[in-house]
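Participant: Next up, entry.txt (compact mmCIF, C-alpha atoms).
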# COMPACT_ATOMS: atom_id res chain seq x y z
CA MET K 172 41.01 -0.04 -16.94
CA VAL K 173 42.10 3.36 -18.22
CA GLY K 174 39.82 5.02 -15.70
CA ARG K 175 41.38 3.04 -12.85
CA TRP K 176 44.88 4.03 -13.91
CA PHE K 177 43.78 7.66 -14.13
CA CYS K 178 42.33 7.54 -10.61
CA LEU K 179 45.48 5.90 -9.27
CA ALA K 180 47.67 8.52 -10.93
CA GLU K 181 45.52 11.27 -9.42
CA VAL K 182 45.84 9.73 -5.94
CA ILE K 183 49.62 9.45 -6.31
CA MET K 184 49.82 13.07 -7.49
CA ASN K 185 47.75 14.28 -4.51
CA VAL K 186 49.99 12.36 -2.09
CA TRP K 187 53.06 13.82 -3.80
CA ARG K 188 51.66 17.34 -3.55
CA GLY K 189 50.90 16.79 0.13
CA LEU K 190 54.46 15.65 0.80
CA ILE K 191 55.91 18.65 -1.04
CA LYS K 192 53.56 21.01 0.84
CA ASN K 193 54.55 19.58 4.23
CA LEU K 194 58.23 19.71 3.35
CA ARG K 195 57.94 23.32 2.19
CA GLU K 196 56.12 24.33 5.36
CA CYS K 197 58.88 22.81 7.49
CA LEU K 198 61.85 24.17 5.54
CA PHE K 199 60.38 27.36 4.07
CA PRO K 200 57.57 28.89 6.18
CA VAL K 201 55.07 30.95 4.16
CA PHE K 202 54.72 34.68 4.78
CA CYS K 203 52.02 36.96 3.37
CA LEU K 204 53.38 38.86 0.38
CA GLY K 205 51.32 41.87 1.44
CA CYS K 206 52.19 42.33 5.11
CA SER K 207 54.71 39.51 5.91
CA ILE K 208 52.54 37.81 8.54
CA GLU K 209 53.43 34.12 8.80
CA GLY K 210 51.09 31.36 7.68
CA GLU K 211 49.46 32.56 4.44
CA TRP K 212 50.55 33.65 0.98
CA TYR K 213 48.02 36.49 1.06
CA CYS K 214 46.17 37.08 4.30
CA GLU K 215 42.57 38.10 4.91
CA LYS K 216 43.59 41.54 6.21
CA CYS K 217 45.36 42.34 2.93
CA PHE K 218 42.40 41.02 0.94
CA LYS K 219 40.08 43.45 2.72
CA GLU K 220 42.30 46.35 1.72
CA LEU K 221 41.84 45.57 -1.98
CA LYS K 222 39.07 47.65 -3.51
CA ASN K 223 38.67 46.62 -7.14
CA PHE K 224 38.79 43.37 -9.04
CA GLY K 225 37.97 43.21 -12.73
CA VAL K 226 40.09 44.20 -15.74
CA PHE K 227 38.54 44.91 -19.14
CA TYR K 228 40.47 45.71 -22.33
CA CYS K 229 40.10 45.03 -26.05
CA PRO K 230 41.59 41.54 -26.65
CA VAL K 231 43.81 42.84 -29.47
CA CYS K 232 44.92 46.45 -29.02
CA HIS K 233 44.41 46.44 -25.24
CA SER K 234 42.47 49.71 -25.21
CA LYS K 235 40.50 49.95 -21.97
CA ASN K 236 36.74 49.49 -22.04
CA SER K 237 33.91 48.38 -19.77
CA ASP K 238 33.35 44.77 -20.83
CA GLY K 239 36.45 43.25 -22.48
CA SER K 240 34.96 43.26 -25.98
CA PRO K 241 37.08 43.90 -29.10
CA CYS K 242 36.94 47.48 -30.34
CA ASN K 243 35.53 48.30 -33.78
CA ASN K 244 38.96 48.25 -35.42
CA CYS K 245 39.91 44.86 -33.94
CA GLN K 246 36.72 42.82 -34.28
CA VAL K 247 37.80 41.12 -37.50
CA THR K 248 41.26 40.22 -36.15
CA THR K 249 40.27 38.13 -33.13
CA SER K 250 38.37 34.90 -32.52
CA LEU K 251 37.47 35.97 -28.98
CA ASN K 252 34.11 37.57 -28.23
CA ARG K 253 35.34 39.07 -24.97
CA VAL K 254 38.24 38.75 -22.55
CA VAL K 255 38.01 39.59 -18.84
CA ALA K 256 40.46 39.16 -15.97
CA PHE K 257 40.46 39.52 -12.22
CA PHE K 258 43.50 41.78 -11.84
CA ASP K 259 46.20 43.63 -13.76
CA TYR K 260 49.30 41.53 -14.10
CA GLU K 261 52.77 42.87 -13.41
CA GLU K 262 55.63 40.43 -12.93
CA LYS K 263 56.96 42.09 -9.75
CA SER K 264 53.56 42.82 -8.19
CA ILE K 265 52.15 40.67 -5.40
CA PHE K 266 49.86 38.71 -7.72
CA GLY K 267 52.59 38.45 -10.35
CA ARG K 268 54.89 36.87 -7.77
CA LEU K 269 52.11 34.56 -6.62
CA ILE K 270 51.57 33.32 -10.17
CA LYS K 271 55.31 32.75 -10.61
CA HIS K 272 55.56 30.76 -7.35
CA PHE K 273 52.47 28.76 -8.27
CA LYS K 274 53.68 27.81 -11.76
CA TYR K 275 57.38 27.23 -11.21
CA ASP K 276 58.08 26.65 -7.49
CA PHE K 277 55.66 23.81 -6.65
CA ALA K 278 53.67 26.17 -4.38
CA TYR K 279 50.43 24.26 -4.85
CA ASP K 280 48.86 25.81 -1.76
CA ILE K 281 48.59 29.16 -3.60
CA GLU K 282 45.51 27.55 -5.13
CA SER K 283 43.71 28.73 -1.98
CA VAL K 284 44.40 32.36 -2.96
CA TRP K 285 42.90 31.84 -6.44
CA LYS K 286 39.91 30.10 -4.88
CA LYS K 287 39.30 33.03 -2.56
CA ILE K 288 39.51 35.56 -5.42
CA ILE K 289 37.24 33.54 -7.70
CA GLN K 290 34.65 32.81 -5.02
CA ARG K 291 34.37 36.49 -4.11
CA TYR K 292 34.57 38.23 -7.46
CA LEU K 293 33.61 35.80 -10.25
CA GLU K 294 29.90 36.55 -10.31
CA ASN K 295 30.39 40.29 -10.92
CA ILE K 296 33.15 39.78 -13.50
CA PHE K 297 31.17 37.02 -15.23
CA LYS K 298 28.30 39.44 -15.87
CA LYS K 299 30.57 41.41 -18.22
CA LEU K 300 30.71 38.40 -20.57
CA GLU K 301 26.94 38.72 -21.11
CA ILE K 302 26.38 34.96 -21.27
CA GLU K 303 24.35 34.49 -18.10
CA GLY K 304 21.92 31.63 -18.47
CA GLU K 305 23.73 30.09 -21.46
CA SER K 306 24.89 26.47 -21.59
CA LEU K 307 28.59 26.82 -20.78
CA VAL K 308 31.68 24.74 -21.42
CA ILE K 309 34.76 25.59 -19.35
CA VAL K 310 37.94 24.80 -21.31
CA PRO K 311 41.42 25.35 -19.83
CA VAL K 312 44.25 26.23 -22.20
CA PRO K 313 46.18 22.93 -22.40
CA LEU K 314 49.85 22.18 -21.92
CA HIS K 315 51.65 19.76 -24.20
CA PRO K 316 51.86 16.33 -22.48
CA ARG K 317 55.65 16.62 -22.23
CA ARG K 318 55.48 19.98 -20.48
CA LEU K 319 52.67 18.70 -18.28
CA ARG K 320 54.92 15.85 -17.13
CA GLU K 321 57.74 18.30 -16.44
CA ARG K 322 55.59 20.69 -14.40
CA GLY K 323 53.32 18.09 -12.82
CA PHE K 324 50.11 20.10 -13.27
CA ASN K 325 48.36 22.53 -15.60
CA GLN K 326 47.71 25.81 -13.80
CA ALA K 327 44.90 26.68 -16.23
CA GLU K 328 43.15 23.41 -15.38
CA ILE K 329 43.27 24.15 -11.64
CA ILE K 330 41.92 27.66 -12.17
CA GLY K 331 39.29 26.36 -14.58
CA ARG K 332 38.05 23.78 -12.11
CA ILE K 333 37.57 26.44 -9.42
CA ILE K 334 35.65 28.60 -11.92
CA PHE K 335 33.53 25.60 -12.93
CA GLU K 336 32.61 24.82 -9.33
CA GLN K 337 31.69 28.43 -8.65
CA LEU K 338 29.65 28.88 -11.85
CA GLN K 339 27.53 25.87 -10.97
CA LYS K 340 26.24 27.84 -8.00
CA PHE K 341 24.70 30.70 -9.96
CA ASN K 342 24.51 29.95 -13.70
CA LYS K 343 20.97 28.91 -14.59
CA ASN K 344 21.81 26.44 -17.37
CA GLU K 345 24.23 23.55 -17.79
CA VAL K 346 27.93 24.05 -17.00
CA ILE K 347 30.45 21.48 -18.27
CA PHE K 348 34.15 21.24 -17.45
CA GLU K 349 35.95 19.85 -20.53
CA VAL K 350 39.56 19.21 -19.58
CA ASN K 351 40.70 16.90 -22.39
CA GLY K 352 38.85 18.27 -25.42
CA LEU K 353 41.32 20.97 -26.45
CA ARG K 354 44.75 19.46 -27.03
CA ARG K 355 48.15 20.88 -27.81
CA THR K 356 49.67 18.92 -30.68
CA ARG K 357 53.27 20.08 -30.47
CA VAL K 358 55.73 21.55 -28.01
CA THR K 359 56.07 25.31 -28.44
CA SER K 360 58.62 27.80 -27.16
CA GLN K 361 57.69 29.72 -24.02
CA GLN K 362 55.51 32.61 -25.13
CA ALA K 363 56.90 34.93 -22.43
CA LYS K 364 60.29 34.92 -24.17
CA LEU K 365 58.92 35.98 -27.59
CA ASN K 366 57.66 39.21 -29.12
CA ARG K 367 54.12 39.53 -30.47
CA VAL K 368 54.91 38.44 -34.05
CA GLU K 369 56.96 35.48 -32.81
CA ARG K 370 54.19 34.46 -30.42
CA ILE K 371 51.61 34.30 -33.20
CA ALA K 372 53.90 32.16 -35.38
CA ASN K 373 54.94 29.99 -32.44
CA ILE K 374 51.38 29.02 -31.51
CA LYS K 375 49.88 28.72 -35.00
CA ASN K 376 48.18 25.33 -35.58
CA ALA K 377 49.36 24.06 -32.19
CA PHE K 378 45.88 22.98 -31.01
CA VAL K 379 43.10 20.63 -32.06
CA TRP K 380 39.62 19.95 -30.67
CA LYS K 381 38.92 16.31 -29.76
CA GLY K 382 36.09 16.82 -27.32
CA LYS K 383 32.31 16.61 -27.41
CA ASN K 384 29.98 18.46 -29.75
CA LEU K 385 29.98 22.15 -28.88
CA ASP K 386 27.08 23.26 -31.09
CA ASN K 387 25.23 26.25 -29.62
CA LYS K 388 27.31 26.34 -26.43
CA ALA K 389 29.34 29.26 -25.10
CA VAL K 390 32.94 28.37 -24.27
CA ILE K 391 34.84 30.04 -21.44
CA LEU K 392 38.52 29.65 -22.24
CA VAL K 393 40.63 29.80 -19.06
CA ASP K 394 44.30 30.66 -18.52
CA ASP K 395 46.40 32.15 -15.74
CA VAL K 396 47.66 35.25 -17.59
CA TYR K 397 46.51 36.98 -20.79
CA THR K 398 49.43 38.86 -22.34
CA SER K 399 49.43 39.37 -26.11
CA GLY K 400 46.44 37.06 -26.48
CA SER K 401 48.13 34.92 -29.15
CA THR K 402 47.52 31.63 -27.34
CA MET K 403 43.89 32.28 -26.45
CA ASN K 404 43.16 33.66 -29.90
CA GLU K 405 44.52 30.52 -31.59
CA CYS K 406 42.57 28.32 -29.18
CA GLY K 407 39.47 30.38 -29.93
CA ARG K 408 39.98 29.93 -33.66
CA ILE K 409 40.06 26.15 -33.26
CA LEU K 410 37.01 26.18 -30.98
CA LYS K 411 35.00 28.25 -33.43
CA LEU K 412 35.60 25.59 -36.07
CA ALA K 413 33.55 23.36 -33.73
CA ASN K 414 30.51 25.64 -34.19
CA VAL K 415 30.44 27.14 -30.72
CA LYS K 416 28.11 30.01 -29.89
CA GLY K 417 31.04 32.15 -28.79
CA VAL K 418 34.46 32.00 -27.13
CA PHE K 419 35.06 34.13 -24.03
CA GLY K 420 38.46 34.45 -22.40
CA LEU K 421 38.79 34.48 -18.61
CA ALA K 422 42.19 34.87 -16.94
CA LEU K 423 43.45 35.60 -13.47
CA GLY K 424 45.75 38.37 -14.68
CA ARG K 425 45.78 40.72 -17.68
CA ASP K 426 49.12 42.11 -18.82
In structure tokens, write the structure found in this file.

Facilitator:
Amino acid sequence: MVGRWFCLAEVIMNVWRGLIKNLRECLFPVFCLGCSIEGEWYCEKCFKELKNFGVFYCPVCHSKNSDGSPCNNCQVTTSLNRVVAFFDYEEKSIFGRLIKHFKYDFAYDIESVWKKIIQRYLENIFKKLEIEGESLVIVPVPLHPRRLRERGFNQAEIIGRIIFEQLQKFNKNEVIFEVNGLRRTRVTSQQAKLNRVERIANIKNAFVWKGKNLDNKAVILVDDVYTSGSTMNECGRILKLANVKGVFGLALGRD
């Protein structure tokens, strides 16, 4: 019965998204944020002009390196084995604006931009995590149920599902998408409005693991933007209590 209700809710949500998309296209035509051509958020011509995807910094002090691993001074202060991202995040940049529209303006069709980026560049970025051939569990950073109802979707879940589908094409071992295992137990203040110390306190003990056994599996923790790393680090701490092989952060943007 629960499964039927879940399927029905998903159908209703897809219909609702379709209606919003059609209404937006009629009232607010989309123009490429790169060159202003009508019809796409980011057109193929602008994509071809981009040369590099892949951002690698220490998860804690943000010193640049080649693989997203924590530096020697920061290894004992993080629960994340590595963190990699597709692009540098700046709020007023093209991709920063795309993320903002996607999260807050019901621009669900921007999912096609993320899909294009992930399909083209994931395999090369994934190699930096050094977990090729491992049994993988893809875990999106969760929203609290109340915030999920307010927003209507979890952007990390959408991104995570695209990554999951793409990884199945080239990872040699099992890949699992675990959307309900990691849960947020309380509503927290928006991290973007807090400083680093406040972010750590805000997110402390805000997650629990209720999913399947993770013994000897590598977890890829997915979010849209990695800023201070407080949220991912706390999620990673909880996941490591479940005896995972390692926790590896993967985000669209890295601040």

Participant: Show me, as number ranges by chain, the residues that have an atom within 7 Å of range 380-386 of chain K when counting only C-alpha atoms, minus same-chain residues fewer than 4 positions from it.

Facilitator: K: 351-354, 409-410, 413-416

Participant: Which one of K:Phe218, K:Phe202, K:Phe419, K:Phe335 sits closest to Ala389 in chain K if you count all atoms listed in the file?

Facilitator: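 Smallest separation from Ala389 in chain K among the options: K:Phe419.
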
Participant: Please report the interatomic distance between CA of Ile281 in chain K and CA of Trp212 in chain K in Å with one decimal.

Facilitator: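 Going from CA of Ile281 in chain K over to CA of Trp212 in chain K covers 6.7 Å.
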
Participant: If I put a ball of radius 10 Å at (42.8, 25.8, -27.1) in the file's coordinates, which residues poke into it when counting all atoms listed in the file, written as a ChimeraX atom specification?

Facilitator: /K:310-314,352-355,377-380,392-394,402-410

Participant: Record the distance separating CA of Gly331 in chain K and CA of Glu349 in chain K, expressed in Å with one decimal.

Facilitator: 9.4 Å

Participant: Since the input lacks some atoms of range 362-382 of chain K, please model N, CA and C atoms and print them as a compact mmCIF listing (two decimals), in the frame of the given file.

Facilitator:
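File part.txt, as written:
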# COMPACT_ATOMS: atom_id res chain seq x y z
N GLN K 362 56.02 31.38 -24.55
CA GLN K 362 55.51 32.61 -25.13
C GLN K 362 56.11 33.85 -24.47
N ALA K 363 56.39 33.76 -23.17
CA ALA K 363 56.90 34.93 -22.43
C ALA K 363 58.24 35.42 -22.97
N LYS K 364 58.97 34.55 -23.67
CA LYS K 364 60.29 34.92 -24.17
C LYS K 364 60.26 35.46 -25.60
N LEU K 365 59.06 35.59 -26.19
CA LEU K 365 58.92 35.98 -27.59
C LEU K 365 58.20 37.32 -27.72
N ASN K 366 58.43 38.01 -28.85
CA ASN K 366 57.66 39.21 -29.12
C ASN K 366 56.32 38.83 -29.74
N ARG K 367 55.48 39.82 -30.02
CA ARG K 367 54.12 39.53 -30.47
C ARG K 367 54.09 38.73 -31.77
N VAL K 368 54.89 39.14 -32.76
CA VAL K 368 54.91 38.44 -34.05
C VAL K 368 55.39 37.01 -33.87
N GLU K 369 56.42 36.82 -33.06
CA GLU K 369 56.96 35.48 -32.81
C GLU K 369 55.96 34.61 -32.07
N ARG K 370 55.19 35.21 -31.17
CA ARG K 370 54.19 34.46 -30.42
C ARG K 370 53.10 33.91 -31.34
N ILE K 371 52.65 34.73 -32.27
CA ILE K 371 51.61 34.30 -33.20
C ILE K 371 52.10 33.12 -34.05
N ALA K 372 53.33 33.23 -34.56
CA ALA K 372 53.90 32.16 -35.38
C ALA K 372 54.16 30.90 -34.55
N ASN K 373 54.59 31.10 -33.32
CA ASN K 373 54.94 29.99 -32.44
C ASN K 373 53.73 29.11 -32.11
N ILE K 374 52.56 29.74 -31.98
CA ILE K 374 51.38 29.02 -31.51
C ILE K 374 50.45 28.58 -32.63
N LYS K 375 50.74 29.02 -33.86
CA LYS K 375 49.88 28.72 -35.00
C LYS K 375 49.73 27.21 -35.20
N ASN K 376 48.49 26.74 -35.34
CA ASN K 376 48.18 25.33 -35.58
C ASN K 376 48.75 24.39 -34.51
N ALA K 377 48.83 24.88 -33.28
CA ALA K 377 49.36 24.06 -32.19
C ALA K 377 48.27 23.36 -31.39
N PHE K 378 46.99 23.56 -31.77
CA PHE K 378 45.88 22.98 -31.01
C PHE K 378 44.90 22.27 -31.94
N VAL K 379 44.21 21.29 -31.37
CA VAL K 379 43.10 20.63 -32.06
C VAL K 379 41.99 20.40 -31.04
N TRP K 380 40.75 20.28 -31.53
CA TRP K 380 39.62 19.95 -30.67
C TRP K 380 39.25 18.50 -30.85
N LYS K 381 39.27 17.72 -29.74
CA LYS K 381 38.92 16.31 -29.76
C LYS K 381 37.79 15.99 -28.78
N GLY K 382 37.12 17.02 -28.34
CA GLY K 382 36.09 16.82 -27.32
C GLY K 382 34.70 16.61 -27.89
